[in-house]
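Each remark here refers to the structure printed beneath this line.
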Amino acid sequence: MLKIENLHATVAGKAILNGLTLTVPAGEIHAIMGPNGAGKSTLAYVLGGRPGYEVTEGSVTFDGRDLFAMEPHERAAAGMFLGFQYPVEIPGVSYLQFLRESLNSQKRAKGDAEFSGAEFIKLAKTQAATLGMDAEMLKRPVNVGFSGGEKKRAEMVQMGIMDPKLAILDETDSGLDIDALKAVGHGINEIMRAPEKSVLLITHYQRLLDYVRPDRVHVLSRGKIVRSGGPELAMELEREGYAEVAA
Ligand code: ADP
Ligand code: MG
Ligand code: MG
């Protein structure tokens with residue numbers, strides 16, 4: 001699904017990723033953990049194609065295609081979903097409008113038929129129920145005045161509607177209370193636990209992994225993967241701290 005080889009990237013002329021190699025097969029959920037400033041968000045931005053993040057060496061293939069030959073919207077149309085730590089607010093656009101346009105623009109890109117209003121509302125209600133969210137909430141402007149938990153639940157509703165092959169979720173758990181954390185974990189499992197799907201779950205703390213059990217855990221330190229293991233590695237990190245494990 002995702003094959004990253006010897007990836008080097010700079011931001012504002014500063015080297016942040018320094019030879020990162022990682023393979024995520026279809027059907028697996030991989031967690032990336034690491035201390036502040038390790039380059040976790042930079043990795044998510046580079047994979048998403050955010051301007052200002054320059055790849056200086058290495059390669060990435062997504063579902064067998066050269067990722068860096070694809071524009072960001074082509075990456076999304078090919079089934080990549082990115083969830084970021086700080087969701088944007090869009091005053092004047094309701095969440096439902098935003099979701100419907102996201103879905104239909106992807107359908108157009110693939111040459112598929114667009115959803116009708118009624119079909120779309122049904123889909124949105126089903127996905128909202130999965131996340132334990134009142135669908136009425138989705139009539140409000142995108143993220144304006146939403147709590148941290150509401151933003152993340154809504155983002156998971158978006159993920160359910162887009163039905164991606166690969167989800168890259170950056171600190172989806174930051175600032176969530178236990179109920180929201182459980183709902184988001186349940187949403188990730190419901191939407192993404194499938195033989196043809198994969199998740200790259202970027203997190204600073206172990207707690208989300210109580211709800212979403214990863215197949216593999218990788219430690220990112222100073223721009224590269226310094227250790228990989230099973231779910232027990234996350235417990236070890238929680239106990240011992242990054243200084244011990246990533247030294
Ligand atoms: P993490 O998500 O692991 O906490 P980041 O990827 O956000 O780490 O940041 C990695 C390093 O890159 C940090 O030292 C950070 O200060 C630096 N960095 C990130 N974005 C920029 C930027 N736009 N300009 C300069 N430095 C940046
Ligand atoms: Mg950080
Ligand atoms: Mg970060």
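Going by the structure tokens order, chains are called A, B, ..., each with residues numbered from 1, while ligands are numbered from 1 in the order shown.
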
Task: Exercise answer, 6 Å around ligand 1 with only C-alpha atoms and all ligand atoms, as a ChimeraX atom specification - done: /A:11-12,16,36-42

Task: Exercise: Lys152 (chain A) partners within 10 Å, only C-alpha atoms, chain neighbours under 2 positions left out, as a ChimeraX atom specification - done: /A:83-87,131,143,146-150,154-158,172-176,180-181,183-184

Residues of region 16-92 of chain A that approach region 197-216 of chain A to 10 Å or less, counting only C-alpha atoms: could you list each one with the shortest pair of atoms and its distance in Å to one decimal, rows by chain and increasing residue number, as a tab-separated table?
residue	atom	partner	partner_atom	distance
A:Val24	CA	A:Ser198	CA	7.1
A:Pro25	CA	A:Ser198	CA	7.0
A:Ala26	CA	A:Ser198	CA	5.3
A:Gly27	CA	A:Lys197	CA	5.0
A:Glu28	CA	A:Ser198	CA	5.1
A:Ile29	CA	A:Val199	CA	4.6
A:His30	CA	A:Arg216	CA	4.8
A:Ala31	CA	A:Leu201	CA	4.5
A:Ile32	CA	A:Ile202	CA	4.7
A:Met33	CA	A:Thr203	CA	5.3
A:Gly34	CA	A:His204	CA	6.0
A:Pro35	CA	A:His204	CA	6.7
A:Asn36	CA	A:His204	CA	7.7
A:Lys40	CA	A:Ile202	CA	6.8
A:Ser41	CA	A:Ile202	CA	8.0
A:Leu43	CA	A:Ile202	CA	9.5
A:Ala44	CA	A:Ile202	CA	8.4
A:Gly79	CA	A:Lys197	CA	9.6
A:Met80	CA	A:Ser198	CA	9.8
A:Phe81	CA	A:Val199	CA	9.4
A:Leu82	CA	A:Leu200	CA	9.7
A:Gly83	CA	A:Leu201	CA	9.7
A:Phe84	CA	A:Ile202	CA	9.8
A:Gln85	CA	A:Ile202	CA	9.8

- [ ] Check the smallest atom-to-atom distance from each of A:Met133, A:Ile161, A:Ala77, A:Val219 to Arg108 (chain A) using only C-alpha atoms, then report the winner.
- [x]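 With only C-alpha atoms as the atom set, the closest residue is A:Ala77.
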
- [ ] Measuring atom to atom with only C-alpha atoms, identify which of A:Met137, A:Leu22, A:Ala15, A:Ala109 is nearest to Met1 (chain A).
- [x] A:Leu22

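Remark: for ligand 2, the closest of the candidate residues A:Glu114, A:Asp170, A:Ile191, A:Glu240 is A:Asp170 (distances computed over only C-alpha atoms and all ligand atoms).
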
Task: Pick from A:Thr23, A:Leu169, A:Pro195, A:Ala129, whichever lies nearest to ligand 3 using only C-alpha atoms and all ligand atoms - done: A:Leu169

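As for CA of Gly111 (chain A) and CA of Lys3 (chain A), they are spaced 27.2 Å apart.
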
Task: Counting only C-alpha atoms, the option among A:Arg140, A:Lys151, A:His8, A:His73 closest to Glu57 (chain A) - done: A:His8

TODO: Select from region 28-138 of chain A everything DSSP, run on the backbone, classes as strand (DSSP E), then give the selection as a list of chain:residue names.
DONE: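 The strand (DSSP E) residues within region 28-138 of chain A come out as A:Ile29, A:His30, A:Ala31, A:Ile32, A:Met33, A:Tyr53, A:Glu54, A:Val55, A:Thr56, A:Glu57, A:Gly58, A:Ser59, A:Val60, A:Thr61, A:Phe62, A:Arg65, A:Asp66, A:Met80, A:Phe81, A:Leu82, A:Gly83, A:Ile90, A:Pro91, A:Gly92, A:Val93, A:Ser94.
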
- [ ] Grab the CA of Glu244 (chain A) to CA of His218 (chain A) distance for me, in Å with one decimal place.
- [x] 14.6 Å

- [ ] Using DSSP on the backbone coordinates, identify the residues of region 51-170 of chain A assigned to helix (DSSP H, G or I); present them as a PyMOL selection string.
- [x] chain A and resi 67-69+72-77+95-110+117-130+135-139+148-162

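Using only C-alpha atoms and all ligand atoms, the nearest neighbour of ligand 2 within the list A:Glu136, A:Glu171, A:Asp163, A:Asp112 is A:Glu171.
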
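Reported to one decimal place, the separation of CA of Ala194 (chain A) from CA of Glu236 (chain A) is 27.3 Å.
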